[in-house]
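Pasted below: entry-v3.pdb, PDB, C-alpha atoms.
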```pdb
ATOM      1  CA  MET N  13       0.000   0.000   0.000
ATOM      2  CA  SER N  14       1.287   3.466  -0.790
ATOM      3  CA  ALA N  15       1.113   6.235   1.795
ATOM      4  CA  SER N  16      -1.922   7.857   0.126
ATOM      5  CA  ASN N  17      -4.905   6.147  -1.392
ATOM      6  CA  CYS N  18      -8.103   7.720  -2.679
ATOM      7  CA  ASN N  19     -11.119   7.002  -4.800
ATOM      8  CA  ILE N  20     -13.937   9.121  -6.161
ATOM      9  CA  GLU N  21     -17.093   7.038  -6.461
ATOM     10  CA  ALA N  22     -19.406   9.789  -7.688
ATOM     11  CA  PRO N  23     -19.758  11.415 -10.046
ATOM     12  CA  VAL N  24     -18.614   8.774 -12.500
ATOM     13  CA  ASN N  25     -15.370   9.703 -14.284
ATOM     14  CA  LYS N  26     -15.884  11.801 -17.437
ATOM     15  CA  THR N  27     -19.478  12.616 -16.489
ATOM     16  CA  GLU N  28     -21.180  15.625 -18.064
ATOM     17  CA  VAL N  29     -23.262  17.785 -15.741
ATOM     18  CA  ALA N  30     -25.338  20.906 -16.275
ATOM     19  CA  SER N  31     -23.967  24.065 -14.682
ATOM     20  CA  SER N  32     -27.401  24.508 -13.105
ATOM     21  CA  ALA N  33     -27.149  21.140 -11.286
ATOM     22  CA  GLU N  34     -25.746  20.443  -7.836
ATOM     23  CA  ILE N  35     -22.736  18.092  -8.024
ATOM     24  CA  ASN N  36     -22.303  15.452  -5.313
ATOM     25  CA  VAL N  37     -18.718  14.240  -4.952
ATOM     26  CA  LEU N  38     -18.433  11.046  -2.877
ATOM     27  CA  GLY N  39     -15.529   8.770  -2.090
ATOM     28  CA  TRP N  40     -12.712   8.119   0.330
ATOM     29  CA  PHE N  41      -9.186   9.356   1.080
ATOM     30  CA  PHE N  42      -6.702   7.667   3.393
ATOM     31  CA  ASP N  43      -3.188   8.821   4.082
ATOM     32  CA  LYS N  44      -0.877   6.997   6.499
ATOM     33  CA  PHE N  45       0.895  10.205   7.511
ATOM     34  CA  THR N  46      -2.205  12.202   8.407
ATOM     35  CA  GLU N  47      -4.597   9.450   9.543
ATOM     36  CA  LYS N  48      -4.629  10.737  13.127
ATOM     37  CA  SER N  49      -5.413  14.258  12.011
ATOM     38  CA  THR N  50      -8.810  15.687  12.788
ATOM     39  CA  ALA N  51      -8.619  17.597   9.507
ATOM     40  CA  GLY N  52     -11.118  16.623   6.890
ATOM     41  CA  VAL N  53     -10.732  16.491   3.158
ATOM     42  CA  ARG N  54     -11.156  19.230   0.587
ATOM     43  CA  VAL N  55     -12.269  18.440  -2.936
ATOM     44  CA  GLN N  56     -10.537  20.603  -5.516
ATOM     45  CA  LEU N  57     -11.880  21.139  -9.016
ATOM     46  CA  ALA N  58      -9.439  22.698 -11.470
ATOM     47  CA  SER N  59     -10.234  23.593 -15.068
ATOM     48  CA  ALA N  60      -7.999  21.969 -17.670
ATOM     49  CA  ASP N  61      -6.274  25.316 -18.333
ATOM     50  CA  ARG N  62      -5.948  25.883 -14.536
ATOM     51  CA  LYS N  63      -7.539  29.330 -14.849
ATOM     52  CA  VAL N  64     -10.326  28.210 -12.484
ATOM     53  CA  VAL N  65      -9.534  26.343  -9.264
ATOM     54  CA  GLN N  66     -12.155  25.919  -6.545
ATOM     55  CA  SER N  67     -12.031  23.915  -3.327
ATOM     56  CA  PHE N  68     -14.917  22.590  -1.261
ATOM     57  CA  ASP N  69     -14.623  21.363   2.332
ATOM     58  CA  ALA N  70     -15.964  17.872   2.951
ATOM     59  CA  GLY N  71     -16.347  18.441   6.686
ATOM     60  CA  ALA N  72     -16.039  15.475   9.015
ATOM     61  CA  LEU N  73     -14.892  12.176   7.576
ATOM     62  CA  THR N  74     -17.372   9.306   7.662
ATOM     63  CA  PRO N  75     -16.972   5.593   8.466
ATOM     64  CA  ARG N  76     -15.859   3.309   5.629
ATOM     65  CA  SER N  77     -15.342  -0.208   6.979
ATOM     66  CA  ASP N  78     -15.088  -1.466   3.379
ATOM     67  CA  VAL N  79     -12.013   0.711   2.806
ATOM     68  CA  ALA N  80     -10.384  -0.365   6.092
ATOM     69  CA  SER N  81     -10.983  -3.993   5.148
ATOM     70  CA  ALA N  82      -9.720  -3.642   1.566
ATOM     71  CA  LEU N  83      -6.585  -1.792   2.655
ATOM     72  CA  LYS N  84      -6.122  -4.067   5.689
ATOM     73  CA  GLU N  85      -5.682  -0.884   7.683
ATOM     74  CA  PRO N  86      -7.962  -0.276  10.691
ATOM     75  CA  LEU N  87      -7.079   3.437  10.710
ATOM     76  CA  ALA N  88      -8.696   3.764   7.265
ATOM     77  CA  GLU N  89     -12.111   3.198   8.873
ATOM     78  CA  LYS N  90     -12.741   6.954   8.978
ATOM     79  CA  SER N  91     -11.863   7.868   5.410
ATOM     80  CA  GLY N  92     -15.182   8.609   3.671
ATOM     81  CA  PHE N  93     -16.291  12.004   2.466
ATOM     82  CA  ALA N  94     -19.207  13.672   0.738
ATOM     83  CA  VAL N  95     -19.196  17.154  -0.802
ATOM     84  CA  LYS N  96     -22.012  19.066  -2.416
ATOM     85  CA  VAL N  97     -20.875  21.572  -5.017
ATOM     86  CA  PRO N  98     -23.695  24.121  -5.257
ATOM     87  CA  ALA N  99     -25.472  24.610  -8.571
ATOM     88  CA  ASN N 100     -24.195  27.474 -10.749
ATOM     89  CA  THR N 101     -20.784  27.427  -9.004
ATOM     90  CA  LEU N 102     -18.700  26.192 -11.938
ATOM     91  CA  ALA N 103     -18.559  27.761 -15.374
ATOM     92  CA  PRO N 104     -18.769  25.446 -18.385
ATOM     93  CA  SER N 105     -15.443  23.628 -18.748
ATOM     94  CA  THR N 106     -13.757  20.299 -18.010
ATOM     95  CA  TYR N 107     -12.489  20.007 -14.428
ATOM     96  CA  ASP N 108      -9.931  17.656 -12.904
ATOM     97  CA  ILE N 109     -10.864  16.493  -9.401
ATOM     98  CA  SER N 110      -8.227  16.076  -6.701
ATOM     99  CA  LEU N 111      -8.435  15.529  -2.961
ATOM    100  CA  ILE N 112      -6.479  17.513  -0.377
ATOM    101  CA  ARG N 113      -5.815  16.789   3.281
ATOM    102  CA  GLU N 114      -4.013  19.427   5.295
ATOM    103  CA  THR N 115      -2.523  19.212   8.778
ATOM    104  CA  ASP N 116      -0.233  21.457  10.778
ATOM    105  CA  ASP N 117       2.765  19.573   9.361
ATOM    106  CA  ALA N 118       1.785  18.517   5.868
ATOM    107  CA  ILE N 119      -0.417  18.979   2.847
ATOM    108  CA  VAL N 120      -1.253  15.730   1.079
ATOM    109  CA  VAL N 121      -2.811  15.749  -2.376
ATOM    110  CA  CYS N 122      -4.298  12.682  -4.010
ATOM    111  CA  PHE N 123      -4.856  12.954  -7.758
ATOM    112  CA  SER N 124      -7.632  10.639  -8.753
ATOM    113  CA  GLY N 125      -7.395  10.971 -12.528
ATOM    114  CA  HIS N 126     -11.095  11.835 -12.372
ATOM    115  CA  ASN N 127     -12.678  14.652 -14.361
ATOM    116  CA  ILE N 128     -16.105  16.039 -15.099
ATOM    117  CA  THR N 129     -17.387  18.340 -17.799
ATOM    118  CA  VAL N 130     -19.752  21.139 -16.828
ATOM    119  CA  LYS N 131     -22.024  22.199 -19.689
TER     120      LYS N 131
END
```
Render the structure in this file as C-alpha cells.
Amino acid sequence: MSASNCNIEAPVNKTEVASSAEINVLGWFFDKFTEKSTAGVRVQLASADRKVVQSFDAGALTPRSDVASALKEPLAEKSGFAVKVPANTLAPSTYDISLIRETDDAIVVCFSGHNITVK
C-alpha cells in the first residue's frame, strides 16, 4: 500500500453535468501520515487550463469499513467524504478532481485521474 490512497465514487469519471445542477462528490481518502489528524478532506476542481480552481470542504470524515478492510488498515475506517458543489458554481469547462488533506505539518494531495465536464 502506498502512503496515500483515494477514490472518487461519484460522479462517474468523465461525467457531463449541467452548470445549473448540484454536483455530489463522494468517495474516500486515506493517508498513512495524516490518519490521526482531525482535519477533513477538501475536494478541488481545477479547469484543464488551470484558470479556475475551486475547493470545497468535505467536513467530518465518515466511516468506511469497506475501505479499512480492503486496505487491511484499521485506521482507514474513517476515510469517507461527501461534498455538495452548489449549482451554478462552476462555469462550463472540463475540471480535474483532486483531494487535499491538510494538517499542521503537511499537505497531502491525491490525484484521482477523475474529471467532469460542466455544460
Would you mind reading off the distance between CA of Leu83 in chain N and CA of Asn17 in chain N, one decimal, in Å?
9.1 Å
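Closest approach to Thr106 in chain N among N:Val79, N:Ala94, N:Val29, N:Val37: N:Val29, based on all atoms listed in the file.
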Could the centre and edge lengths of an axis-aligned box, enclosing all atoms of range 103-122 of chain N in the file with 6 Å extra on each side, be given in Å to one decimal as JSON?
```
{"center_x": -8.0, "center_y": 20.2, "center_z": -4.0, "size_x": 33.5, "size_y": 27.1, "size_z": 41.5}
```
Apply the PyMOL selection byres ((chain N and resi 96) around 10) to the file shown and report the selected residues as an MDAnalysis selection string.
chainID N and resid 34:38 55 68:70 94:95 97:99
Using the chain letters and numbers from the file, give me the residues hit by the PyMOL selection byres ((chain N and resi 18-20) around 7), as an MDAnalysis selection string.
chainID N and resid 16:17 21:22 38:42 122 124
Selection above as a file: C-alpha atoms, as a short mmCIF file (atom, residue, chain, number, x, y, z; two decimals), in the coordinates of the input:
```cif
data_model
loop_
_atom_site.label_atom_id
_atom_site.label_comp_id
_atom_site.auth_asym_id
_atom_site.auth_seq_id
_atom_site.Cartn_x
_atom_site.Cartn_y
_atom_site.Cartn_z
CA SER N 16 -1.92 7.86 0.13
CA ASN N 17 -4.90 6.15 -1.39
CA GLU N 21 -17.09 7.04 -6.46
CA ALA N 22 -19.41 9.79 -7.69
CA LEU N 38 -18.43 11.05 -2.88
CA GLY N 39 -15.53 8.77 -2.09
CA TRP N 40 -12.71 8.12 0.33
CA PHE N 41 -9.19 9.36 1.08
CA PHE N 42 -6.70 7.67 3.39
CA CYS N 122 -4.30 12.68 -4.01
CA SER N 124 -7.63 10.64 -8.75
#
```
Write out as a PyMOL selection string which residues come within 10 Å of range 75-78 of chain N when counting all atoms listed in the file, dropping same-chain ones fewer than 4 positions away.
chain N and resi 39-40+82-93
List as an MDAnalysis selection string the protein and nucleic acid residues near Ala60 in chain N, meaning an atom at most 9 Å away when all atoms listed in the file are counted, but skip any in the same chain fewer than 6 places from it.
chainID N and resid 105:108
I need the output of the PyMOL selection byres ((chain N and resi 65) around 10) for this file as a PDB file with C-alpha atoms, keeping the file's coordinate frame; which residues are they?
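Final file, part34.pdb:
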```pdb
ATOM      1  CA  GLN N  56     -10.537  20.603  -5.516  1.00  0.00           C
ATOM      2  CA  LEU N  57     -11.880  21.139  -9.016  1.00  0.00           C
ATOM      3  CA  ALA N  58      -9.439  22.698 -11.470  1.00  0.00           C
ATOM      4  CA  SER N  59     -10.234  23.593 -15.068  1.00  0.00           C
ATOM      5  CA  ALA N  60      -7.999  21.969 -17.670  1.00  0.00           C
ATOM      6  CA  ASP N  61      -6.274  25.316 -18.333  1.00  0.00           C
ATOM      7  CA  ARG N  62      -5.948  25.883 -14.536  1.00  0.00           C
ATOM      8  CA  LYS N  63      -7.539  29.330 -14.849  1.00  0.00           C
ATOM      9  CA  VAL N  64     -10.326  28.210 -12.484  1.00  0.00           C
ATOM     10  CA  GLN N  66     -12.155  25.919  -6.545  1.00  0.00           C
ATOM     11  CA  SER N  67     -12.031  23.915  -3.327  1.00  0.00           C
ATOM     12  CA  LEU N 102     -18.700  26.192 -11.938  1.00  0.00           C
ATOM     13  CA  TYR N 107     -12.489  20.007 -14.428  1.00  0.00           C
ATOM     14  CA  ASP N 108      -9.931  17.656 -12.904  1.00  0.00           C
ATOM     15  CA  ILE N 109     -10.864  16.493  -9.401  1.00  0.00           C
TER      16      ILE N 109
END
```
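Using only C-alpha atoms, the smallest distance between any of N:Lys44, N:Arg54, N:Arg113, N:His126 and Pro23 in chain N comes from N:His126.
Between Thr101 in chain N and the candidates N:Asn25, N:Thr129, N:Thr115, N:Ser32, the tightest atom-to-atom separation, counting all atoms listed in the file, involves N:Ser32.
The shell of residues at most 7 Å from Glu28 in chain N, with all atoms listed in the file counted and near chain neighbours (fewer than 4 positions) removed, consists of Ile128, Thr129, Val130 and Lys131 of chain N.
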Please, which residues are within 10 Å of (-0.3, 17.5, 0.9) by the file's coordinates, counting only C-alpha atoms, and could they come as a count of residues only?
15
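Reported to one decimal place, the separation of CA of Asn100 in chain N from CA of Ser31 in chain N is 5.2 Å.
Minimum distance to Gly52 in chain N across N:Ala72, N:Ala33, N:Thr27, N:Ala80 (counting all atoms listed in the file) occurs at N:Ala72.
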